[in-house]
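Asks: What follows is coords19.txt, made up of compact mmCIF, C-alpha atoms:
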# COMPACT_ATOMS: atom_id res chain seq x y z
CA MET A 25 15.91 -13.21 3.66
CA GLY A 26 16.43 -9.93 1.86
CA ILE A 27 15.86 -11.47 -1.58
CA GLY A 28 12.70 -13.18 -0.39
CA THR A 29 11.41 -9.91 1.03
CA VAL A 30 11.96 -8.06 -2.24
CA LEU A 31 10.43 -10.87 -4.31
CA VAL A 32 7.26 -10.80 -2.21
CA ALA A 33 7.12 -7.00 -2.38
CA VAL A 34 7.23 -7.00 -6.19
CA ASN A 35 3.90 -8.84 -6.15
CA LEU A 36 2.06 -6.83 -3.51
CA ARG A 37 0.53 -4.35 -5.97
CA ALA A 38 1.21 -6.00 -9.33
CA ALA A 39 -1.79 -8.27 -8.80
CA ILE A 40 -3.96 -5.16 -8.56
CA THR A 41 -2.56 -2.97 -11.32
CA SER A 42 -2.30 -5.86 -13.80
CA LEU A 43 -6.07 -6.40 -13.60
CA GLY A 44 -6.82 -2.69 -13.60
CA ALA A 45 -4.84 -2.20 -16.80
CA ILE A 46 -7.08 -4.60 -18.76
CA LEU A 47 -10.29 -4.47 -16.72
CA ASP A 48 -12.29 -3.27 -19.72
CA ARG A 49 -11.35 -6.40 -21.69
CA VAL A 50 -12.05 -8.68 -18.75
CA SER A 51 -15.42 -7.00 -18.17
CA THR A 52 -16.41 -7.41 -21.80
CA ASP A 53 -15.31 -11.03 -22.09
CA LEU A 54 -16.88 -12.16 -18.80
CA ASP A 55 -19.90 -9.90 -19.24
CA LEU A 56 -19.35 -8.34 -15.83
CA SER A 57 -22.08 -6.16 -14.42
CA GLY A 58 -21.27 -2.66 -13.30
CA ALA A 59 -21.51 -3.82 -9.70
CA GLU A 60 -19.10 -6.71 -10.29
CA ALA A 61 -16.56 -4.47 -12.04
CA GLY A 62 -16.87 -1.90 -9.27
CA LEU A 63 -16.40 -4.56 -6.62
CA LEU A 64 -13.25 -5.79 -8.34
CA THR A 65 -11.74 -2.31 -8.06
CA THR A 66 -12.65 -1.89 -4.37
CA LEU A 67 -11.90 -5.49 -3.31
CA PRO A 68 -8.18 -4.84 -2.61
CA VAL A 69 -8.68 -2.26 0.12
CA VAL A 70 -11.57 -4.29 1.60
CA ALA A 71 -9.37 -7.40 1.76
CA PHE A 72 -6.46 -5.45 3.25
CA ALA A 73 -8.70 -4.10 6.00
CA ALA A 74 -10.54 -7.34 6.74
CA VAL A 75 -7.75 -9.93 6.46
CA GLY A 76 -4.72 -7.94 7.55
CA GLY A 77 -5.77 -7.96 11.18
CA LEU A 78 -5.65 -11.76 11.26
CA SER A 79 -2.01 -11.92 10.13
CA PRO A 80 -0.36 -11.90 13.60
CA LEU A 81 -2.59 -14.82 14.66
CA LEU A 82 -1.57 -16.75 11.53
CA ALA A 83 2.10 -16.05 12.21
CA ARG A 84 1.77 -17.19 15.80
CA ARG A 85 0.21 -20.47 14.72
CA LEU A 86 2.50 -21.23 11.77
CA GLY A 87 5.56 -19.12 12.46
CA LEU A 88 6.58 -15.98 10.63
CA PHE A 89 8.01 -17.95 7.71
CA GLY A 90 5.04 -20.29 7.64
CA GLY A 91 2.68 -17.33 7.48
CA LEU A 92 4.57 -15.91 4.52
CA VAL A 93 4.55 -19.28 2.74
CA VAL A 94 0.77 -19.47 3.14
CA ALA A 95 0.43 -15.87 1.90
CA CYS A 96 2.58 -16.53 -1.18
CA VAL A 97 0.84 -19.80 -2.04
CA ALA A 98 -2.58 -18.16 -1.71
CA LEU A 99 -1.39 -15.38 -4.00
CA VAL A 100 -0.10 -17.80 -6.65
CA ILE A 101 -3.24 -19.98 -6.61
CA GLY A 102 -5.55 -16.96 -6.68
CA LEU A 103 -3.71 -15.28 -9.57
CA ALA A 104 -3.52 -18.46 -11.62
CA ALA A 105 -7.17 -19.36 -11.03
CA ARG A 106 -8.54 -15.91 -11.79
CA ALA A 107 -6.82 -16.01 -15.18
CA ALA A 108 -8.94 -19.08 -15.97
CA ALA A 109 -12.20 -17.65 -14.64
CA HIS A 110 -15.25 -17.83 -16.89
CA SER A 111 -17.68 -15.81 -14.80
CA GLY A 112 -17.73 -12.70 -12.69
CA GLY A 113 -18.40 -14.58 -9.47
CA VAL A 114 -15.44 -16.91 -10.01
CA MET A 115 -13.20 -13.97 -10.90
CA LEU A 116 -14.20 -12.22 -7.67
CA ALA A 117 -13.66 -15.35 -5.55
CA TRP A 118 -10.17 -16.12 -6.83
CA SER A 119 -9.18 -12.45 -6.79
CA GLY A 120 -10.26 -12.42 -3.15
CA LEU A 121 -7.93 -15.33 -2.35
CA ALA A 122 -4.99 -13.59 -4.04
CA LEU A 123 -5.73 -10.35 -2.20
CA ALA A 124 -6.00 -12.20 1.11
CA GLY A 125 -2.46 -13.45 0.53
CA ILE A 126 -1.32 -9.90 -0.19
CA ALA A 127 -3.06 -8.64 2.96
CA VAL A 128 -1.13 -11.13 5.10
CA ALA A 129 2.18 -10.26 3.43
CA ASN A 130 1.46 -6.54 3.84
CA VAL A 131 1.43 -7.00 7.60
CA LEU A 132 4.24 -9.55 7.94
CA LEU A 133 6.93 -7.89 5.81
CA PRO A 134 7.52 -5.06 8.33
CA VAL A 135 7.93 -7.80 10.96
CA VAL A 136 10.55 -9.57 8.83
CA VAL A 137 12.46 -6.33 8.45
CA LYS A 138 12.25 -5.56 12.17
CA SER A 139 13.31 -9.10 13.12
CA PHE A 140 16.19 -9.70 10.72
CA PHE A 141 17.38 -6.25 9.70
CA PRO A 142 17.01 -4.14 12.87
CA HIS A 143 20.07 -2.06 12.04
CA ARG A 144 19.07 -1.62 8.38
CA LEU A 145 15.39 -1.04 8.93
CA GLY A 146 15.26 2.09 6.77
CA LEU A 147 17.24 0.56 3.91
CA MET A 148 15.23 -2.66 3.78
CA THR A 149 11.91 -0.87 4.12
CA GLY A 150 13.01 1.40 1.29
CA LEU A 151 14.06 -1.53 -0.89
CA TYR A 152 10.84 -3.45 -0.52
CA THR A 153 8.58 -0.42 -0.93
CA MET A 154 10.54 0.56 -4.04
CA ALA A 155 10.14 -3.01 -5.33
CA MET A 156 6.41 -2.70 -4.65
CA GLN A 157 6.21 0.53 -6.64
CA LEU A 158 8.24 -0.87 -9.54
CA GLY A 159 6.18 -4.07 -9.60
CA SER A 160 3.01 -1.99 -9.70
CA ALA A 161 4.21 0.18 -12.57
CA THR A 162 5.64 -2.76 -14.53
CA ALA A 163 2.43 -4.76 -14.22
CA ALA A 164 0.34 -1.81 -15.39
CA GLY A 165 2.57 -1.29 -18.41
CA THR A 166 3.32 -4.83 -19.53
CA THR A 167 0.02 -6.63 -18.97
CA PRO A 168 -1.79 -4.90 -21.87
CA LEU A 169 1.23 -5.54 -24.11
CA VAL A 170 1.17 -9.27 -23.33
CA ALA A 171 -2.58 -9.34 -23.90
CA GLU A 172 -2.21 -7.58 -27.24
CA ALA A 173 0.59 -9.90 -28.33
CA GLY A 174 -1.97 -12.58 -29.07
CA GLY A 175 -2.61 -14.41 -25.81
CA GLY A 176 -5.47 -12.22 -24.66
CA TRP A 177 -6.15 -10.99 -21.16
CA ARG A 178 -5.77 -14.49 -19.68
CA SER A 179 -2.13 -14.64 -20.74
CA GLY A 180 -1.58 -11.14 -19.38
CA LEU A 181 -2.90 -12.13 -15.96
CA SER A 182 -1.24 -15.57 -15.95
CA LEU A 183 2.17 -13.91 -16.26
CA TRP A 184 1.83 -12.50 -12.74
CA ALA A 185 1.03 -15.89 -11.27
CA LEU A 186 4.42 -17.04 -12.57
CA VAL A 187 6.12 -13.97 -11.10
CA ALA A 188 4.43 -14.58 -7.74
CA ALA A 189 5.58 -18.21 -7.79
CA CYS A 190 9.20 -16.98 -7.73
CA ALA A 191 8.59 -15.61 -4.23
CA VAL A 192 7.67 -19.01 -2.73
CA PRO A 193 11.03 -20.92 -2.73
CA PRO A 194 13.01 -18.47 -0.53
CA TRP A 195 10.40 -18.70 2.21
CA LEU A 196 10.11 -22.48 1.93
CA LEU A 197 13.87 -22.69 2.38
CA ALA A 198 13.71 -20.29 5.32
CA LEU A 199 10.91 -22.36 6.86
CA ARG A 200 12.89 -25.60 6.54
CA GLY A 201 16.00 -24.05 8.01
CA SER A 202 14.33 -22.31 10.92
CA ALA A 203 13.77 -23.93 14.27
CA ARG A 204 12.03 -20.97 15.80
CA PRO A 205 8.39 -20.05 15.29
CA ALA A 206 6.96 -16.62 14.99
CA PRO A 207 6.82 -14.29 17.98
CA ALA A 208 5.18 -15.72 21.06
CA SER A 209 1.61 -14.66 21.51
CA ARG A 210 0.67 -11.79 23.76
CA ARG A 211 -3.08 -11.70 23.46
CA ARG A 212 -3.36 -8.51 25.44
CA SER A 213 -1.47 -6.51 22.81
CA ALA A 214 -4.34 -6.06 20.34
CA ASN A 215 -6.63 -4.74 23.07
CA GLY A 216 -3.79 -2.65 24.39
CA LEU A 217 -3.21 -1.05 21.00
CA ALA A 218 -6.89 -0.14 20.73
CA ARG A 219 -6.34 2.01 23.83
CA ASN A 220 -2.95 3.35 22.74
CA PRO A 221 -2.95 6.92 21.31
CA LEU A 222 0.30 6.29 19.43
CA ALA A 223 -1.18 3.25 17.67
CA TRP A 224 -4.21 5.29 16.65
CA ALA A 225 -1.96 8.10 15.42
CA LEU A 226 -0.16 5.60 13.18
CA ALA A 227 -3.46 4.18 11.97
CA GLY A 228 -4.74 7.67 11.19
CA PHE A 229 -1.62 8.65 9.28
CA PHE A 230 -1.63 5.36 7.39
CA GLY A 231 -5.34 5.63 6.64
CA VAL A 232 -5.42 9.15 5.20
CA GLN A 233 -2.33 8.61 3.07
CA SER A 234 -3.82 5.35 1.76
CA LEU A 235 -7.04 7.14 0.89
CA ALA A 236 -5.06 9.75 -1.04
CA ALA A 237 -2.99 7.08 -2.79
CA TYR A 238 -6.07 5.27 -4.12
CA VAL A 239 -7.54 8.58 -5.28
CA VAL A 240 -4.29 9.36 -7.13
CA MET A 241 -4.32 6.00 -8.89
CA GLY A 242 -8.03 6.06 -9.63
CA TRP A 243 -8.93 9.69 -10.35
CA VAL A 244 -5.93 11.90 -11.13
CA PRO A 245 -5.93 11.05 -14.88
CA ALA A 246 -9.63 11.88 -15.01
CA ILE A 247 -9.00 15.21 -13.26
CA TYR A 248 -6.37 16.10 -15.83
CA ARG A 249 -8.60 15.01 -18.72
CA SER A 250 -11.55 17.08 -17.48
CA ALA A 251 -9.28 20.14 -17.55
CA GLY A 252 -8.43 19.57 -21.20
CA VAL A 253 -5.28 17.47 -20.97
CA SER A 254 -5.21 14.66 -23.54
CA SER A 255 -5.72 11.07 -22.44
CA ALA A 256 -2.17 10.16 -23.48
CA MET A 257 -0.64 13.05 -21.53
CA SER A 258 -2.83 12.30 -18.52
CA GLY A 259 -1.38 8.79 -18.49
CA VAL A 260 2.14 10.22 -18.75
CA LEU A 261 1.50 12.51 -15.79
CA LEU A 262 0.28 9.56 -13.71
CA ALA A 263 3.42 7.69 -14.76
CA VAL A 264 5.50 10.65 -13.51
CA ILE A 265 3.83 10.37 -10.11
CA MET A 266 4.48 6.62 -9.98
CA ALA A 267 8.05 6.98 -11.26
CA LEU A 268 8.89 9.51 -8.55
CA ALA A 269 7.42 7.20 -5.94
CA ALA A 270 10.12 4.55 -6.52
CA PRO A 271 13.27 6.55 -5.60
CA ILE A 272 11.37 8.33 -2.83
CA ALA A 273 10.39 4.93 -1.43
CA LEU A 274 14.09 4.04 -1.26
CA LEU A 275 15.33 7.36 0.11
CA LEU A 276 12.72 8.33 2.68
CA PRO A 277 12.81 5.24 4.95
CA THR A 278 16.62 5.38 5.07
CA LEU A 279 16.47 9.03 6.08
CA ALA A 280 13.69 8.38 8.58
CA ASN A 281 15.71 5.63 10.25
CA ARG A 282 18.63 8.00 10.76
CA LEU A 283 16.49 10.58 12.52
CA ALA A 284 15.39 10.25 16.13
CA ASP A 285 12.28 12.26 15.28
CA GLN A 286 10.48 11.95 11.93
CA ARG A 287 8.06 14.87 12.26
CA VAL A 288 9.87 17.03 9.71
CA LEU A 289 9.44 14.27 7.10
CA VAL A 290 5.73 14.04 7.91
CA LEU A 291 5.47 17.79 7.35
CA ILE A 292 7.31 17.64 4.00
CA VAL A 293 5.23 14.87 2.43
CA THR A 294 1.95 16.28 3.73
CA MET A 295 2.64 19.81 2.47
CA ALA A 296 3.76 18.44 -0.92
CA MET A 297 0.47 16.57 -1.26
CA ALA A 298 -1.49 19.65 -0.16
CA PHE A 299 0.11 21.89 -2.79
CA GLY A 300 -0.36 19.15 -5.40
CA TRP A 301 -4.11 18.95 -4.72
CA LEU A 302 -4.37 22.74 -4.56
CA GLY A 303 -2.59 23.09 -7.89
CA LEU A 304 -4.95 20.61 -9.53
CA MET A 305 -7.83 22.68 -8.22
CA ILE A 306 -6.74 26.14 -9.40
CA ALA A 307 -4.45 25.57 -12.40
CA PRO A 308 -4.54 21.92 -13.53
CA VAL A 309 -3.21 22.58 -17.03
CA GLU A 310 -0.75 25.43 -16.49
CA GLY A 311 1.16 23.64 -13.75
CA ALA A 312 0.36 20.05 -14.69
CA TRP A 313 3.95 18.81 -14.43
CA TRP A 314 4.55 20.58 -11.12
CA TRP A 315 1.45 19.07 -9.56
CA ALA A 316 2.51 15.59 -10.70
CA VAL A 317 5.92 16.10 -9.08
CA LEU A 318 4.38 17.34 -5.83
CA LEU A 319 1.93 14.43 -5.71
CA GLY A 320 4.84 12.06 -6.32
CA ILE A 321 6.70 13.57 -3.37
CA GLY A 322 3.54 13.44 -1.27
CA SER A 323 3.25 9.73 -2.04
CA GLY A 324 6.30 9.30 0.15
CA ALA A 325 3.84 9.17 3.05
CA PHE A 326 3.34 5.46 2.29
CA PRO A 327 6.94 4.25 2.79
CA LEU A 328 7.24 6.69 5.70
CA ALA A 329 4.17 5.12 7.35
CA LEU A 330 5.63 1.62 6.93
CA THR A 331 8.93 2.78 8.41
CA LEU A 332 7.19 4.35 11.40
CA ILE A 333 5.51 1.02 12.13
CA GLY A 334 8.95 -0.54 12.58
CA LEU A 335 10.34 2.43 14.51
CA ARG A 336 7.48 2.81 16.98
CA ALA A 337 7.73 -0.71 18.42
CA ARG A 338 10.67 -2.24 20.26
CA SER A 339 9.83 -5.95 20.07
CA THR A 340 8.98 -8.20 17.14
CA GLU A 341 5.68 -9.12 18.79
CA ALA A 342 4.65 -5.50 19.15
CA THR A 343 5.71 -4.76 15.56
CA ALA A 344 3.44 -7.54 14.26
CA ASP A 345 0.48 -6.31 16.29
CA LEU A 346 1.12 -2.67 15.39
CA SER A 347 1.47 -3.47 11.70
CA ALA A 348 -1.84 -5.36 11.72
CA PHE A 349 -3.63 -2.70 13.75
CA ALA A 350 -2.39 0.32 11.80
CA GLN A 351 -2.91 -1.23 8.38
CA SER A 352 -6.32 -2.77 9.09
CA ALA A 353 -7.69 0.38 10.71
CA GLY A 354 -6.00 2.54 8.10
CA TYR A 355 -7.39 0.63 5.13
CA MET A 356 -10.87 0.79 6.68
CA MET A 357 -10.54 4.57 6.55
CA ALA A 358 -9.23 4.44 2.98
CA MET A 359 -12.15 2.33 1.69
CA VAL A 360 -14.44 5.32 1.38
CA GLY A 361 -11.97 7.53 -0.50
CA PRO A 362 -12.25 6.71 -4.21
CA PHE A 363 -16.01 6.09 -4.01
CA ALA A 364 -16.65 9.35 -2.13
CA VAL A 365 -14.49 11.38 -4.51
CA GLY A 366 -16.30 9.94 -7.53
CA THR A 367 -19.69 10.57 -5.97
CA MET A 368 -18.87 14.19 -5.11
CA HIS A 369 -17.70 14.78 -8.67
CA GLU A 370 -20.81 13.20 -10.14
CA VAL A 371 -23.13 15.25 -7.92
CA THR A 372 -21.39 18.61 -8.39
CA GLY A 373 -20.05 18.16 -11.92
CA SER A 374 -16.76 19.62 -10.74
CA TRP A 375 -13.52 18.48 -9.13
CA SER A 376 -13.32 21.51 -6.81
CA LEU A 377 -15.31 19.98 -3.94
CA PRO A 378 -13.53 16.58 -3.87
CA LEU A 379 -10.11 18.26 -4.16
CA GLY A 380 -11.06 20.66 -1.37
CA VAL A 381 -12.09 17.74 0.83
CA LEU A 382 -8.80 15.98 0.10
CA ILE A 383 -6.91 19.11 1.18
CA VAL A 384 -8.94 19.33 4.40
CA LEU A 385 -8.22 15.65 5.14
CA LEU A 386 -4.51 16.46 5.17
CA VAL A 387 -5.07 18.30 8.44
CA PRO A 388 -5.81 15.08 10.40
CA GLN A 389 -3.02 13.37 8.41
CA LEU A 390 -0.60 16.03 9.61
CA ILE A 391 -1.83 15.90 13.20
CA ALA A 392 -1.67 12.10 13.31
CA GLY A 393 1.68 12.02 11.53
CA LEU A 394 3.26 14.52 13.90
CA ALA A 395 2.08 12.41 16.83
CA ALA A 396 3.37 9.21 15.20
CA GLY A 397 6.68 10.85 14.28
CA ARG A 398 7.70 11.48 17.88
CA ASN A 399 10.38 9.19 19.28
CA ARG A 400 8.10 6.94 21.33
CA PHE A 401 7.13 3.25 21.42
CA VAL A 402 3.81 1.43 21.73
CA ASP A 403 5.40 -1.25 23.92
CA GLY A 404 6.93 1.08 26.52
CA GLY A 405 10.45 2.23 27.11
CA ASN A 406 9.80 5.69 25.73
CA PRO A 407 12.82 8.00 25.69
CA THR A 408 12.89 10.57 28.46
CA GLY A 409 11.25 13.78 27.36
CA ALA A 410 9.89 12.34 24.12
Show me the file's structure as structure tokens.
Replies:
Amino acid sequence: MGIGTVLVAVNLRAAITSLGAILDRVSTDLDLSGAEAGLLTTLPVVAFAAVGGLSPLLARRLGLFGGLVVACVALVIGLAARAAAHSGGVMLAWSGLALAGIAVANVLLPVVVKSFFPHRLGLMTGLYTMAMQLGSATAAGTTPLVAEAGGGWRSGLSLWALVAACAVPPWLLALRGSARPAPASRRRSANGLARNPLAWALAGFFGVQSLAAYVVMGWVPAIYRSAGVSSAMSGVLLAVIMALAAPIALLLPTLANRLADQRVLVLIVTMAMAFGWLGLMIAPVEGAWWWAVLLGIGSGAFPLALTLIGLRARSTEATADLSAFAQSAGYMMAMVGPFAVGTMHEVTGSWSLPLGVLIVLLVPQLIAGLAAGRNRFVDGGNPTGA
């Protein structure tokens, strides 16, 4: 179970960063319009928001393992088919299928951890989020190298279909050996969560940190370059942020699981992100390395948010519903982030306004995170005095 979880996690962002790393070549070869190229970059967060909410229903119909098998197969087919695409529309369609598989796995992996590793929730959440970060970084770095080695961008993208295929057998074996389906349905839970302040606090925390994460990946190198940092060094600084994210993803969930109250961790990651954005605003060159380190620490909000999903629900059923609710609502909030930041920069000709807005958005992240970090549960049984 643990190996299968890690193998799925490796692929959850690699499908995105592998395409992003060679998008210019794909756009040229397929003669993509600006709208099609832009849609390819925003499709992941749209798919995560739209499809993620359906994951508990899929798991209830097919079982938890069956849902993961469907997710992995969709990912493999989508990745393999997009590598053979000969038009922008076909590329978008098959990318959408792959991202739908990722959206389902995004929601179901916290349920797997809650169900089968309840006493190692922090460790397993840390392992799979670290695997996600490493898969993302590896795909971004190796895909252009494979493409340049002579096979072109199709070979670079095909590689990740093969990697995704490795995640299918463990879940097929688990499906064959399991007599129990996924959690029994409780149809009232989705409506109940929509009226639950704790669920909305988790969604808010997840949403703002996701928005910031996509801005980091999409715009931080450009912010450094506009301040006079070379393109090569800007890429190195982004790599520093991503490299820090891996050990933090392993450490933070383990620490969070050992604490009865996670509010201090929410405060640390939020303040780190705030000082990182502020530094980029007032002294982007002089403190470039420091801001990269702070943004890397601030990125720990993502594994912390995933850990809180598992900690704030007692039952497997509630974890599945909470994971779907928080991630779907959160990604809907995150959709506007990269586009809005780019638009503000284009209108003002400066990064000061978008960075200022990002700092202001950390206020609701902190408020929501402090509420989500309290030792309470969406499915009742809250500790006395919590």
Asks: Determine, counting all atoms listed in the file, which protein, DNA and RNA residues have an atom within 12 Å of an atom of segment 49-56 of chain A; residues of the same chain fewer than 2 positions away are not included. Present the result as a count of residues only.
Replies: 35
Asks: Which residues of segment 294-350 of chain A sit at most 7 Å from segment 138-153 of chain A, using only C-alpha atoms? Give each one's shortest atom pair and distance in Å (one decimal place), in chain and ascending residue order, as a tab-separated table.
Replies:
residue	atom	partner	partner_atom	distance
A:Pro327	CA	A:Thr153	CA	6.2
A:Thr331	CA	A:Thr149	CA	6.4
A:Gly334	CA	A:Lys138	CA	6.0
A:Thr340	CA	A:Ser139	CA	6.0
Asks: Pick out the residues sitting within 10 Å of Leu92 of chain A, and hand them over as an NGL selection string; count all atoms listed in the file, and ignore anything fewer than 2 positions along from it in its own chain.
Replies: :A and (28-29 or 32 or 79 or 82-83 or 86-90 or 94-98 or 125-126 or 128-133 or 136 or 191-192 or 195-196 or 199)
Asks: What's around Ile247 of chain A at 9 Å? Count all atoms listed in the file, leave out sequence neighbours fewer than 2 positions away in its own chain, and write the answer as a ChimeraX atom specification.
Replies: /A:243-245,249-251,253,258,304,308,375
Asks: Report as a VMD selection string all protein, DNA and RNA residues lying within 8 Å of Thr294 of chain A, evaluated on all atoms listed in the file, omitting residues in the same chain fewer than 3 positions from it.
Replies: chain A and resid 290 to 291 297 to 298 322 325 386 389 to 390
Asks: Counting all atoms listed in the file, which residue out of A:Ala353, A:Leu379, A:Ala256, A:Val387 sits closest to Val70 of chain A?
Replies: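 Nearest candidate to Val70 of chain A out of A:Ala353, A:Leu379, A:Ala256, A:Val387: A:Ala353.
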Asks: Between atom CA of Met356 of chain A and atom CA of Val317 of chain A, what is the spacing in Å?
Replies: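 Atom CA of Met356 of chain A lies 27.7 Å from atom CA of Val317 of chain A.
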Asks: Would you compute the distance between atom CA of Gln351 of chain A and atom CA of Phe72 of chain A? Give it in Å to one decimal.
Replies: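 Pair atom CA of Gln351 of chain A / atom CA of Phe72 of chain A returns 7.5 Å.
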Asks: When distances are computed from all atoms listed in the file, which of A:Gly26, A:Gly303, A:Gly174, A:Gly311 shows the smallest separation from Gly380 of chain A?
Replies: A:Gly303
